[in-house]
>>> print(open('protein.cif').read())   # mmCIF, C-alpha atoms and all ligand atoms
data_start
loop_
_atom_site.label_atom_id
_atom_site.label_comp_id
_atom_site.auth_asym_id
_atom_site.auth_seq_id
_atom_site.Cartn_x
_atom_site.Cartn_y
_atom_site.Cartn_z
CA MET A 1 -29.29 -2.81 6.31
CA LYS A 2 -27.78 -4.26 3.15
CA ALA A 3 -24.10 -3.63 2.49
CA MET A 4 -21.41 -4.90 0.18
CA THR A 5 -18.83 -6.90 2.14
CA TYR A 6 -15.35 -8.11 1.28
CA ARG A 7 -14.86 -11.88 1.66
CA GLY A 8 -11.25 -12.16 0.46
CA PRO A 9 -9.45 -11.58 -2.85
CA PHE A 10 -11.83 -11.59 -5.84
CA ARG A 11 -14.88 -12.17 -3.62
CA VAL A 12 -17.49 -9.65 -2.53
CA ARG A 13 -21.17 -10.09 -1.70
CA VAL A 14 -24.13 -8.35 -0.13
CA ASP A 15 -24.71 -9.00 3.57
CA GLN A 16 -26.99 -7.73 6.30
CA LYS A 17 -25.17 -5.40 8.69
CA PRO A 18 -26.36 -3.26 11.62
CA LYS A 19 -27.46 0.17 10.42
CA PRO A 20 -24.76 2.67 11.46
CA LYS A 21 -25.51 5.03 14.35
CA ILE A 22 -24.21 8.40 15.45
CA GLU A 23 -21.09 7.53 17.48
CA HIS A 24 -19.68 11.01 17.96
CA PRO A 25 -21.30 14.46 18.07
CA ASN A 26 -19.56 15.35 14.76
CA ASP A 27 -21.08 12.38 12.88
CA ALA A 28 -23.84 12.26 10.33
CA ILE A 29 -25.69 9.23 8.99
CA VAL A 30 -26.28 9.33 5.25
CA ARG A 31 -28.77 7.19 3.34
CA VAL A 32 -26.83 6.35 0.19
CA THR A 33 -28.61 7.05 -3.08
CA ARG A 34 -25.67 6.40 -5.42
CA ALA A 35 -22.25 4.82 -4.95
CA ALA A 36 -19.59 4.31 -7.58
CA ILE A 37 -16.91 1.65 -7.88
CA CYS A 38 -13.44 3.09 -8.39
CA GLY A 39 -10.19 1.81 -9.85
CA SER A 40 -8.90 2.07 -6.28
CA ASP A 41 -11.44 -0.57 -5.26
CA ILE A 42 -9.79 -2.91 -7.77
CA HIS A 43 -6.59 -2.88 -5.70
CA LEU A 44 -8.65 -3.83 -2.62
CA TYR A 45 -10.57 -6.48 -4.56
CA HIS A 46 -7.32 -8.03 -5.74
CA GLY A 47 -5.99 -8.15 -2.18
CA LEU A 48 -3.17 -5.67 -2.86
CA VAL A 49 -3.92 -3.31 0.05
CA PRO A 50 -2.65 -4.48 3.44
CA ASP A 51 -5.11 -4.98 6.33
CA THR A 52 -8.20 -5.25 4.16
CA ARG A 53 -10.38 -7.16 6.60
CA VAL A 54 -13.06 -9.67 5.71
CA GLY A 55 -16.49 -8.21 6.38
CA THR A 56 -15.62 -4.57 5.68
CA THR A 57 -17.66 -2.51 3.26
CA PHE A 58 -15.92 -0.69 0.40
CA GLY A 59 -17.14 2.47 -1.29
CA HIS A 60 -15.52 5.90 -1.08
CA GLU A 61 -17.56 7.61 -3.83
CA PHE A 62 -21.16 8.22 -2.83
CA THR A 63 -24.03 10.65 -2.69
CA GLY A 64 -27.07 10.49 -0.46
CA ILE A 65 -29.62 12.06 1.83
CA VAL A 66 -28.65 13.11 5.34
CA GLU A 67 -30.72 11.01 7.71
CA ASP A 68 -29.43 12.11 11.10
CA VAL A 69 -26.75 14.44 12.51
CA GLY A 70 -24.79 14.56 15.77
CA GLU A 71 -25.26 17.52 18.10
CA ASN A 72 -22.12 19.36 16.92
CA VAL A 73 -23.08 19.29 13.25
CA ASP A 74 -24.42 22.67 12.19
CA ASN A 75 -23.63 22.72 8.44
CA LEU A 76 -26.12 19.98 7.62
CA GLN A 77 -29.57 18.81 8.54
CA ALA A 78 -31.71 15.79 7.93
CA GLY A 79 -33.01 15.77 4.38
CA ASP A 80 -30.00 17.53 2.81
CA HIS A 81 -28.85 16.01 -0.48
CA VAL A 82 -25.08 15.70 -0.34
CA LEU A 83 -21.99 14.48 -2.12
CA VAL A 84 -19.34 13.13 0.23
CA PRO A 85 -15.65 13.47 -0.76
CA PHE A 86 -13.69 10.24 -0.34
CA ASN A 87 -11.33 11.83 2.19
CA ILE A 88 -12.29 11.81 5.85
CA ALA A 89 -10.81 15.05 7.13
CA CYS A 90 -11.02 16.88 10.45
CA GLY A 91 -10.78 20.34 8.89
CA THR A 92 -8.53 21.80 11.59
CA CYS A 93 -5.22 19.91 11.83
CA PHE A 94 -1.87 21.11 10.41
CA PHE A 95 -2.66 19.48 7.06
CA CYS A 96 -6.35 20.33 6.74
CA SER A 97 -5.61 23.96 7.51
CA ARG A 98 -3.31 23.92 4.45
CA ASP A 99 -6.07 22.39 2.29
CA LEU A 100 -4.26 19.03 2.32
CA TYR A 101 -7.40 17.12 3.29
CA SER A 102 -6.08 13.80 2.02
CA ASP A 103 -3.24 14.12 4.53
CA CYS A 104 -5.47 14.81 7.54
CA HIS A 105 -3.66 13.95 10.76
CA ASN A 106 -6.73 13.20 12.88
CA SER A 107 -8.87 10.85 10.82
CA ASN A 108 -6.63 7.77 10.66
CA PRO A 109 -5.08 6.08 13.73
CA ASN A 110 -2.31 5.16 11.27
CA ALA A 111 -1.83 8.91 10.89
CA THR A 112 1.64 9.20 9.41
CA ALA A 113 0.68 6.88 6.52
CA VAL A 114 -2.29 8.66 4.95
CA GLY A 115 -5.49 10.44 5.99
CA GLY A 116 -8.75 8.57 6.53
CA ILE A 117 -10.66 7.21 3.52
CA TYR A 118 -14.09 5.55 3.47
CA GLY A 119 -14.06 1.82 2.82
CA TYR A 120 -10.37 1.53 2.10
CA SER A 121 -8.92 -1.00 4.58
CA HIS A 122 -7.61 -0.43 8.08
CA THR A 123 -4.52 1.15 6.51
CA THR A 124 -6.68 4.23 5.95
CA GLY A 125 -8.61 4.06 9.21
CA GLY A 126 -10.92 1.06 8.90
CA TYR A 127 -14.06 3.06 8.11
CA ASP A 128 -16.94 1.31 6.40
CA GLY A 129 -17.74 2.75 2.99
CA GLY A 130 -20.78 3.75 1.02
CA GLN A 131 -21.54 0.69 -1.11
CA ALA A 132 -24.38 0.13 1.33
CA GLU A 133 -27.79 1.48 2.22
CA TYR A 134 -26.38 3.72 4.95
CA VAL A 135 -22.99 5.05 5.95
CA ARG A 136 -21.60 6.84 8.99
CA VAL A 137 -19.92 10.10 8.01
CA PRO A 138 -17.42 11.40 10.61
CA PHE A 139 -16.43 15.11 10.78
CA ALA A 140 -19.69 15.86 9.01
CA ASN A 141 -19.16 19.63 9.13
CA ILE A 142 -16.18 19.26 6.78
CA GLY A 143 -16.71 16.65 4.06
CA PRO A 144 -20.35 16.43 2.97
CA THR A 145 -21.25 19.15 0.48
CA LYS A 146 -24.79 20.06 -0.52
CA ILE A 147 -25.53 19.26 -4.15
CA PRO A 148 -26.75 22.46 -5.85
CA ASP A 149 -30.26 22.30 -7.34
CA TRP A 150 -28.90 22.73 -10.87
CA MET A 151 -26.50 19.80 -10.61
CA ASP A 152 -27.32 16.27 -11.74
CA GLU A 153 -26.73 13.77 -8.93
CA GLU A 154 -24.52 11.62 -11.18
CA ASP A 155 -22.27 14.62 -11.86
CA ALA A 156 -22.09 15.16 -8.09
CA LEU A 157 -21.20 11.50 -7.58
CA LEU A 158 -18.17 11.83 -9.83
CA LEU A 159 -17.08 14.94 -7.95
CA THR A 160 -16.44 12.77 -4.86
CA ASP A 161 -13.27 11.33 -6.42
CA ALA A 162 -12.61 10.48 -10.08
CA CYS A 163 -13.12 13.96 -11.52
CA PRO A 164 -11.23 15.95 -8.85
CA THR A 165 -8.47 13.31 -8.86
CA GLY A 166 -7.96 13.71 -12.61
CA TYR A 167 -8.08 17.47 -12.11
CA GLN A 168 -5.48 17.37 -9.33
CA ALA A 169 -3.33 15.07 -11.46
CA ALA A 170 -3.20 17.79 -14.09
CA GLU A 171 -2.68 20.49 -11.46
CA MET A 172 0.28 18.62 -9.95
CA GLY A 173 1.75 18.37 -13.44
CA ASP A 174 2.29 22.13 -13.23
CA ILE A 175 1.32 22.41 -16.89
CA LYS A 176 2.61 25.50 -18.72
CA GLU A 177 0.85 26.92 -21.74
CA GLY A 178 1.50 24.76 -24.79
CA ASP A 179 2.96 21.82 -22.87
CA THR A 180 2.77 18.27 -24.16
CA VAL A 181 1.09 16.07 -21.56
CA VAL A 182 1.07 12.27 -21.62
CA VAL A 183 -1.55 10.49 -19.53
CA PHE A 184 -0.98 6.82 -18.71
CA GLY A 185 -4.32 5.08 -18.23
CA ALA A 186 -7.66 5.79 -19.90
CA GLY A 187 -9.79 4.85 -16.90
CA PRO A 188 -12.05 7.41 -15.24
CA VAL A 189 -9.11 9.21 -13.59
CA GLY A 190 -7.00 9.32 -16.75
CA ILE A 191 -9.99 10.54 -18.79
CA PHE A 192 -10.56 13.46 -16.40
CA ALA A 193 -6.81 14.15 -16.24
CA ALA A 194 -6.75 14.48 -20.04
CA ARG A 195 -9.78 16.79 -20.03
CA SER A 196 -8.30 18.88 -17.19
CA ALA A 197 -4.93 19.18 -18.91
CA TRP A 198 -6.60 21.33 -21.60
CA LEU A 199 -8.24 23.48 -18.91
CA MET A 200 -4.76 24.14 -17.53
CA GLY A 201 -3.24 25.20 -20.83
CA ALA A 202 -1.82 22.07 -22.43
CA GLY A 203 -0.99 22.32 -26.13
CA ARG A 204 -1.04 18.59 -26.80
CA VAL A 205 -2.58 15.72 -24.84
CA ILE A 206 -1.67 12.09 -25.49
CA VAL A 207 -3.33 9.16 -23.68
CA THR A 208 -2.24 5.54 -23.67
CA ASP A 209 -3.91 2.33 -22.52
CA HIS A 210 -4.31 -1.16 -23.95
CA LEU A 211 -8.12 -1.08 -23.98
CA ASP A 212 -9.22 0.27 -27.35
CA TYR A 213 -12.78 1.05 -26.20
CA ARG A 214 -11.42 3.39 -23.53
CA LEU A 215 -9.00 4.99 -25.98
CA ASP A 216 -11.94 5.55 -28.37
CA PHE A 217 -13.82 7.27 -25.56
CA VAL A 218 -11.01 9.56 -24.46
CA ARG A 219 -10.10 10.46 -28.06
CA GLN A 220 -13.51 12.16 -28.27
CA TYR A 221 -13.99 13.23 -24.67
CA GLY A 222 -10.49 14.56 -23.91
CA PRO A 223 -10.09 15.20 -26.73
CA ALA A 224 -6.74 13.50 -27.00
CA GLU A 225 -4.34 11.72 -29.27
CA THR A 226 -4.17 8.08 -28.25
CA PHE A 227 -2.11 4.97 -28.79
CA ASN A 228 -2.42 1.39 -27.61
CA PHE A 229 0.76 0.60 -25.69
CA GLN A 230 0.61 -3.02 -26.78
CA GLU A 231 0.91 -2.02 -30.42
CA VAL A 232 3.97 0.23 -30.41
CA GLY A 233 6.80 -1.98 -29.21
CA ASP A 234 9.07 -0.06 -26.85
CA VAL A 235 6.70 2.46 -25.22
CA VAL A 236 9.45 4.82 -24.03
CA LEU A 237 11.10 4.93 -27.43
CA TYR A 238 7.72 5.44 -29.13
CA LEU A 239 6.93 8.37 -26.84
CA LYS A 240 10.30 9.93 -27.53
CA ARG A 241 9.79 9.51 -31.25
CA ILE A 242 6.45 11.36 -31.23
CA THR A 243 7.84 14.19 -29.09
CA GLU A 244 10.81 15.19 -31.24
CA TYR A 245 13.04 12.84 -29.22
CA ARG A 246 12.86 15.22 -26.29
CA GLY A 247 10.04 13.64 -24.31
CA ALA A 248 6.79 15.11 -23.04
CA ASP A 249 6.87 18.04 -20.62
CA VAL A 250 4.51 16.33 -18.20
CA CYS A 251 3.65 12.67 -17.61
CA ILE A 252 0.69 11.62 -15.47
CA ASP A 253 0.42 8.16 -13.91
CA ALA A 254 -3.30 7.39 -13.73
CA VAL A 255 -2.76 3.63 -13.58
CA GLY A 256 -1.22 2.62 -10.27
CA ALA A 257 -0.51 -0.81 -8.85
CA ASP A 258 -2.57 -2.97 -11.22
CA ALA A 259 -0.62 -2.01 -14.33
CA HIS A 260 -0.14 -4.28 -17.33
CA GLY A 261 2.60 -4.20 -19.94
CA ASP A 262 5.82 -5.41 -18.29
CA LEU A 263 6.36 -9.04 -17.39
CA LEU A 264 8.89 -8.45 -14.61
CA GLN A 265 6.75 -5.76 -12.96
CA THR A 266 3.62 -7.87 -13.23
CA PHE A 267 5.30 -10.96 -11.83
CA THR A 268 7.02 -9.27 -8.89
CA GLY A 269 4.24 -6.77 -8.18
CA LEU A 270 1.05 -8.73 -8.76
CA LYS A 271 1.89 -12.43 -8.73
CA ILE A 272 4.42 -12.90 -5.92
CA LYS A 273 3.89 -9.47 -4.32
CA LEU A 274 7.57 -8.73 -3.77
CA GLN A 275 6.75 -5.09 -4.42
CA ALA A 276 3.63 -3.02 -3.75
CA GLY A 277 2.05 -3.58 -7.16
CA ALA A 278 3.38 -3.27 -10.72
CA ALA A 279 4.96 0.15 -11.28
CA THR A 280 4.99 -0.21 -15.07
CA ALA A 281 3.29 3.08 -15.90
CA LEU A 282 5.41 5.01 -13.43
CA VAL A 283 8.60 3.58 -14.91
CA TRP A 284 7.44 4.50 -18.42
CA ALA A 285 6.59 8.00 -17.20
CA ILE A 286 9.98 8.53 -15.60
CA ASN A 287 11.89 7.15 -18.57
CA SER A 288 9.94 8.96 -21.28
CA VAL A 289 9.37 12.43 -19.83
CA ARG A 290 11.84 15.09 -20.93
CA LYS A 291 14.75 16.13 -18.73
CA ALA A 292 13.59 18.63 -16.07
CA GLY A 293 10.02 17.51 -16.75
CA THR A 294 7.30 16.76 -14.23
CA ILE A 295 5.78 13.44 -13.21
CA SER A 296 2.39 13.57 -11.51
CA VAL A 297 1.35 10.37 -9.77
CA VAL A 298 -2.23 9.75 -8.70
CA GLY A 299 -2.20 6.02 -9.49
CA VAL A 300 -2.33 4.22 -6.17
CA TYR A 301 0.41 1.91 -4.92
CA GLY A 302 0.36 -0.04 -1.69
CA PRO A 303 2.84 0.51 1.10
CA THR A 304 5.75 0.36 1.07
CA PHE A 305 8.14 0.05 -1.89
CA ASN A 306 8.27 -0.36 -5.67
CA LEU A 307 10.95 -0.93 -8.25
CA VAL A 308 11.31 2.51 -9.87
CA PRO A 309 14.40 4.00 -11.55
CA ILE A 310 15.22 6.69 -9.02
CA GLY A 311 18.63 7.25 -10.65
CA ASN A 312 16.88 8.45 -13.81
CA VAL A 313 14.77 10.84 -11.73
CA VAL A 314 17.96 12.38 -10.34
CA ASN A 315 19.97 12.46 -13.54
CA LYS A 316 17.11 13.92 -15.57
CA GLY A 317 16.27 16.48 -12.90
CA LEU A 318 12.62 15.49 -12.66
CA THR A 319 9.99 16.93 -10.40
CA VAL A 320 7.81 14.19 -8.99
CA ARG A 321 4.53 15.14 -7.40
CA ALA A 322 2.06 12.69 -5.95
CA ASN A 323 -0.85 12.51 -3.54
CA GLN A 324 -4.25 11.19 -2.81
CA CYS A 325 -6.59 13.87 -4.07
CA SER A 326 -7.78 16.52 -1.59
CA VAL A 327 -11.28 16.58 -3.04
CA LYS A 328 -12.73 19.43 -0.99
CA ARG A 329 -10.09 21.87 -2.22
CA HIS A 330 -11.21 21.44 -5.85
CA LEU A 331 -14.98 21.52 -5.45
CA PRO A 332 -15.62 25.26 -5.84
CA ARG A 333 -13.68 25.39 -9.14
CA LEU A 334 -15.14 22.11 -10.42
CA PHE A 335 -18.69 23.24 -9.65
CA GLU A 336 -17.99 26.18 -11.99
CA HIS A 337 -16.52 23.95 -14.70
CA VAL A 338 -19.54 21.64 -14.54
CA ARG A 339 -22.06 24.48 -14.56
CA GLU A 340 -20.35 26.11 -17.55
CA GLY A 341 -20.22 22.78 -19.38
CA ARG A 342 -16.43 22.60 -19.53
CA ILE A 343 -16.53 19.17 -17.88
CA ASP A 344 -19.36 16.65 -18.17
CA PRO A 345 -18.55 14.15 -15.41
CA LYS A 346 -21.53 11.81 -15.75
CA ALA A 347 -20.69 11.15 -19.41
CA ILE A 348 -18.22 8.46 -18.34
CA ILE A 349 -20.87 6.33 -16.54
CA THR A 350 -21.51 3.17 -18.53
CA HIS A 351 -23.17 0.77 -16.06
CA ARG A 352 -25.80 0.94 -13.31
CA TYR A 353 -26.48 -1.85 -10.81
CA ALA A 354 -28.73 -2.59 -7.85
CA LEU A 355 -26.79 -3.22 -4.62
CA ASP A 356 -27.77 -6.91 -4.81
CA GLU A 357 -25.80 -7.13 -8.07
CA ILE A 358 -22.57 -5.83 -6.55
CA ALA A 359 -20.56 -9.03 -7.15
CA GLU A 360 -21.44 -8.83 -10.85
CA ALA A 361 -20.54 -5.13 -10.89
CA TYR A 362 -17.06 -5.87 -9.49
CA GLU A 363 -16.50 -8.67 -11.97
CA VAL A 364 -17.48 -6.57 -14.96
CA PHE A 365 -15.50 -3.51 -13.87
CA THR A 366 -12.32 -5.27 -12.76
CA GLY A 367 -12.45 -7.58 -15.79
CA LYS A 368 -12.97 -4.54 -18.08
CA ARG A 369 -15.89 -6.42 -19.64
CA GLU A 370 -18.81 -4.97 -21.59
CA GLU A 371 -16.79 -1.84 -22.44
CA CYS A 372 -17.20 -0.73 -18.83
CA ILE A 373 -15.73 2.62 -17.86
CA LYS A 374 -17.55 3.59 -14.66
CA PRO A 375 -20.18 1.54 -12.82
CA VAL A 376 -22.66 3.05 -10.39
CA VAL A 377 -24.57 1.20 -7.67
CA LEU A 378 -28.08 2.32 -6.67
CA PRO A 379 -28.82 0.94 -3.19
CA ALA A 380 -32.49 1.88 -3.40
CA ALA A 381 -33.05 0.12 -6.74
N1 LIG A 401 -4.74 9.59 -5.83
C1 LIG A 401 -6.05 9.54 -5.68
O1 LIG A 401 -6.63 10.32 -4.95
C2 LIG A 401 -6.84 8.54 -6.47
C3 LIG A 401 -8.22 8.63 -6.55
C4 LIG A 401 -8.91 7.74 -7.38
C5 LIG A 401 -8.22 6.76 -8.05
N2 LIG A 401 -6.88 6.67 -7.91
C6 LIG A 401 -6.07 5.67 -8.61
O2 LIG A 401 -5.97 6.06 -9.95
C7 LIG A 401 -5.78 4.90 -10.76
C8 LIG A 401 -6.79 4.90 -11.89
O3 LIG A 401 -8.11 4.83 -11.38
P1 LIG A 401 -9.32 4.51 -12.36
O4 LIG A 401 -10.57 4.56 -11.57
O5 LIG A 401 -9.21 5.33 -13.58
O6 LIG A 401 -8.97 2.95 -12.65
P2 LIG A 401 -9.15 1.96 -13.88
O7 LIG A 401 -8.61 0.66 -13.42
O8 LIG A 401 -10.54 2.00 -14.40
O9 LIG A 401 -8.18 2.56 -15.00
C9 LIG A 401 -6.82 2.25 -15.11
C10 LIG A 401 -6.50 2.12 -16.59
O10 LIG A 401 -5.09 1.94 -16.75
C11 LIG A 401 -4.90 1.03 -17.84
N3 LIG A 401 -3.53 0.50 -17.79
C12 LIG A 401 -3.07 -0.64 -17.23
N4 LIG A 401 -1.74 -0.72 -17.35
C13 LIG A 401 -1.34 0.40 -18.02
C14 LIG A 401 -0.08 0.89 -18.44
N5 LIG A 401 1.06 0.22 -18.17
N6 LIG A 401 -0.04 2.08 -19.10
C15 LIG A 401 -1.19 2.77 -19.38
N7 LIG A 401 -2.41 2.34 -18.98
C16 LIG A 401 -2.48 1.18 -18.31
C17 LIG A 401 -6.00 0.02 -17.64
O11 LIG A 401 -6.23 -0.73 -18.81
C18 LIG A 401 -7.17 0.91 -17.24
O12 LIG A 401 -7.93 1.34 -18.34
C19 LIG A 401 -5.90 3.72 -9.81
O13 LIG A 401 -4.61 3.33 -9.36
C20 LIG A 401 -6.65 4.29 -8.63
O14 LIG A 401 -6.40 3.60 -7.43
C21 LIG A 401 -6.19 7.55 -7.14
ZN ZN A 402 -11.98 6.32 -5.92
ZN ZN A 403 -7.27 17.18 9.53
#
>>> encode(input="protein.cif", output="structure tokens", more="lines below")
Ligand SMILES: NC(=O)c1ccc[n+]([C@@H]2O[C@H](COP(=O)([O-])OP(=O)(O)OC[C@H]3O[C@@H](n4cnc5c(N)ncnc54)[C@H](O)[C@@H]3O)[C@@H](O)[C@H]2O)c1
Ligand SMILES: [Zn+2]
Ligand SMILES: [Zn+2]
Amino acid sequence: MKAMTYRGPFRVRVDQKPKPKIEHPNDAIVRVTRAAICGSDIHLYHGLVPDTRVGTTFGHEFTGIVEDVGENVDNLQAGDHVLVPFNIACGTCFFCSRDLYSDCHNSNPNATAVGGIYGYSHTTGGYDGGQAEYVRVPFANIGPTKIPDWMDEEDALLLTDACPTGYQAAEMGDIKEGDTVVVFGAGPVGIFAARSAWLMGAGRVIVTDHLDYRLDFVRQYGPAETFNFQEVGDVVLYLKRITEYRGADVCIDAVGADAHGDLLQTFTGLKIKLQAGAATALVWAINSVRKAGTISVVGVYGPTFNLVPIGNVVNKGLTVRANQCSVKRHLPRLFEHVREGRIDPKAIITHRYALDEIAEAYEVFTGKREECIKPVVLPAA
């Protein structure tokens, strides 16, 4: 089969690989019909995630048709049209039984670090991902979810990660009615976080980025107030000024390790890799949120440490919440929101590529060219 493979930092291509087989009675094989590229893939592409091995296939956001199932799989059968959450979760461990699917204890040999994730380095289990014609889906009774007849497949695709992650970002912000919420990052995750903040009762939503085309999009879609962080001077001071010098109630980091905007963070985090990525957005969040406010972090950082002002967290009495999204937990509610038209996930898709064009897709998306917000790969095209 054809599959995207990683060749080293800034290099991906399409290779022939053996078609995956059922390896365990709980497996399914899915023929991928759509796969998205995520901001998380950018960290892999830039070589920021440890143990990203040459030859592995990325892709943790995909939909497809079930081709084959192992003998223990009774929730699915060949021919089912499914969306597959990015988390690989056993469904029964301490964490899964508390709906913390992203913290599953059985799906990653490196279990105390993080649960299993498709196509996200051997740090998260070394599973091949869905930017390919076929993918092996472990614990197939738990993750894959049938796409309802009324749902557009591209909406379903975005329910595998970006949309639930933005939603969980807002949820972890513990937004109270009328709260002012600042979202750092106007990528797919930040856009859905802004939209979700309203669903959870926010009174004011402010989004910042340095890409004007994304700010234009989220101003309409959120809707949200926006500002370009490169145009305001001191970002923390600016945020204080527009929030009565108190600071926002909730700040959401939807940027993660590849942040721009601070020379020292960029140099130590991205150039010489002394820390696990640039924590610029997180620092701005901590320093600008009001005392006793909440910071919600879904932006991804590599193991193990970053330069963040922990003293300010203590002195200001902040609540910091963070996690990989537990996608499955949010699906029932998000299905309702999509059906009722309160969220339109597919609206953020800007680009579609054949699998053979994957190198181009990565270049456009990571380079933020052509006003790209979310690219989708169609392996059958
Ligand atoms: N926790 C999870 O489960 C989960 C799931 C999906 C994605 N993520 C992470 O969420 C983050 C966003 O993902 P995405 O797909 O939206 O990525 P993206 O790269 O498309 O978007 C990130 C945006 O942040 C902007 N940005 C850069 N520096 C900034 C700064 N200092 N302040 C404000 N904005 C800044 C960029 O210009 C870009 O528009 C990534 O770190 C990704 O790995 C986490
Ligand atoms: Zn993702
Ligand atoms: Zn589990």
>>> residues_near_ligand(input="protein.cif", ligand="ligand ZN 402 (chain A)", cutoff="10 Å", atoms="all atoms listed in the file", output="list in words")
Ala36, Ile37, Cys38, Gly39, Ser40, Asp41, Ile42, Gly59, His60, Glu61, Phe62, Pro85, Phe86, Asn87, Ile117, Tyr118, Tyr120, Leu158, Thr160, Asp161, Ala162, Cys163, Thr165, Pro188, Val189, Val300, Gln324 and Cys325 of chain A
>>> residues_near_ligand(input="protein.cif", ligand="ligand ZN 403 (chain A)", cutoff="6 Å", atoms="all atoms listed in the file", output="list in words")
Ala89, Cys90, Gly91, Thr92, Cys93, Phe95, Cys96, Cys104, His105 and Asn106 of chain A
>>> closest_residue(input="protein.cif", among="A:Lys346, A:His43, A:Arg98, A:Arg333", to="ligand LIG 401 (chain A)", atoms="all atoms listed in the file")
A:His43
>>> residues_around(input="protein.cif", residues="Leu237 in chain A", least_positions_apart="6", cutoff="12 Å", atoms="only C-alpha atoms", output="list of chain:residue names")
A:Phe229, A:Thr243, A:Glu244, A:Tyr245, A:Arg246, A:Gly247, A:Ala248, A:Trp284, A:Ala285, A:Asn287, A:Ser288, A:Val289
>>> atom_distance(input="protein.cif", atom1="CA of Ile22 in chain A", atom2="CA of Pro50 in chain A")
27.8 Å
>>> residues_around(input="protein.cif", residues="range 127-138 of chain A", least_positions_apart="3", cutoff="6 Å", atoms="all atoms listed in the file", output="PDB file with C-alpha atoms, in the coordinates of the input")
ATOM      1  CA  LYS A   2     -27.780  -4.260   3.150  1.00  0.00           C
ATOM      2  CA  ALA A   3     -24.100  -3.630   2.490  1.00  0.00           C
ATOM      3  CA  MET A   4     -21.410  -4.900   0.180  1.00  0.00           C
ATOM      4  CA  PRO A  20     -24.760   2.670  11.460  1.00  0.00           C
ATOM      5  CA  ASP A  27     -21.080  12.380  12.880  1.00  0.00           C
ATOM      6  CA  ALA A  28     -23.840  12.260  10.330  1.00  0.00           C
ATOM      7  CA  ILE A  29     -25.690   9.230   8.990  1.00  0.00           C
ATOM      8  CA  VAL A  30     -26.280   9.330   5.250  1.00  0.00           C
ATOM      9  CA  ARG A  31     -28.770   7.190   3.340  1.00  0.00           C
ATOM     10  CA  VAL A  32     -26.830   6.350   0.190  1.00  0.00           C
ATOM     11  CA  ALA A  35     -22.250   4.820  -4.950  1.00  0.00           C
ATOM     12  CA  THR A  57     -17.660  -2.510   3.260  1.00  0.00           C
ATOM     13  CA  PHE A  58     -15.920  -0.690   0.400  1.00  0.00           C
ATOM     14  CA  GLY A  59     -17.140   2.470  -1.290  1.00  0.00           C
ATOM     15  CA  HIS A  60     -15.520   5.900  -1.080  1.00  0.00           C
ATOM     16  CA  PHE A  62     -21.160   8.220  -2.830  1.00  0.00           C
ATOM     17  CA  TYR A 118     -14.090   5.550   3.470  1.00  0.00           C
ATOM     18  CA  GLY A 119     -14.060   1.820   2.820  1.00  0.00           C
ATOM     19  CA  PRO A 379     -28.820   0.940  -3.190  1.00  0.00           C
TER      20      PRO A 379
END
>>> closest_residue(input="protein.cif", among="A:Gly116, A:Gly126, A:Pro309, A:Pro332", to="ligand LIG 401 (chain A)", atoms="only C-alpha atoms and all ligand atoms")
A:Gly116
>>> residues_around(input="protein.cif", residues="Val54 in chain A", least_positions_apart="4", cutoff="12 Å", atoms="all atoms listed in the file", output="list in words")
Met4, Thr5, Tyr6, Arg7, Gly8, Pro9, Phe10, Arg11, Val12, Arg13, Asp15, Leu44, Tyr45, Gly47, Pro50, Phe58, Gly119, Ser121, His122, Gly126 and Asp128 of chain A
>>> atom_distance(input="protein.cif", atom1="CA of Val376 in chain A", atom2="CA of His260 in chain A")
24.7 Å
>>> residues_around(input="protein.cif", residues="Ile295 in chain A", least_positions_apart="2", cutoff="6 Å", atoms="all atoms listed in the file", output="list in words")
Val250, Cys251, Ile252 and Val320 of chain A
>>> write_last_selection(input="protein.cif", atoms="C-alpha atoms", output="compact mmCIF listing (two decimals), keeping the file's coordinate frame")
# COMPACT_ATOMS: atom_id res chain seq x y z
CA VAL A 250 4.51 16.33 -18.20
CA CYS A 251 3.65 12.67 -17.61
CA ILE A 252 0.69 11.62 -15.47
CA VAL A 320 7.81 14.19 -8.99
>>> axis_aligned_box(input="protein.cif", around="range 208-212 of chain A", padding_each_side="8 Å", output="AutoDock Vina command-line options")
--center_x -5.7 --center_y 2.2 --center_z -24.9 --size_x 23.0 --size_y 22.7 --size_z 20.8
>>> residues_around(input="protein.cif", residues="Glu154 in chain A", least_positions_apart="3", cutoff="9 Å", atoms="only C-alpha atoms", output="list in words")
Arg34, Thr63, Met151, Leu157, Leu158, Leu159, Pro345, Lys346, Ile349 and Val376 of chain A
>>> closest_residue(input="protein.cif", among="A:Gly185, A:Gly293, A:Phe335, A:Ile343", to="ligand LIG 401 (chain A)", atoms="all atoms listed in the file")
A:Gly185
>>> closest_residue(input="protein.cif", among="A:Ile373, A:Val218, A:Ile147, A:Ala194", to="ligand LIG 401 (chain A)", atoms="all atoms listed in the file")
A:Ile373
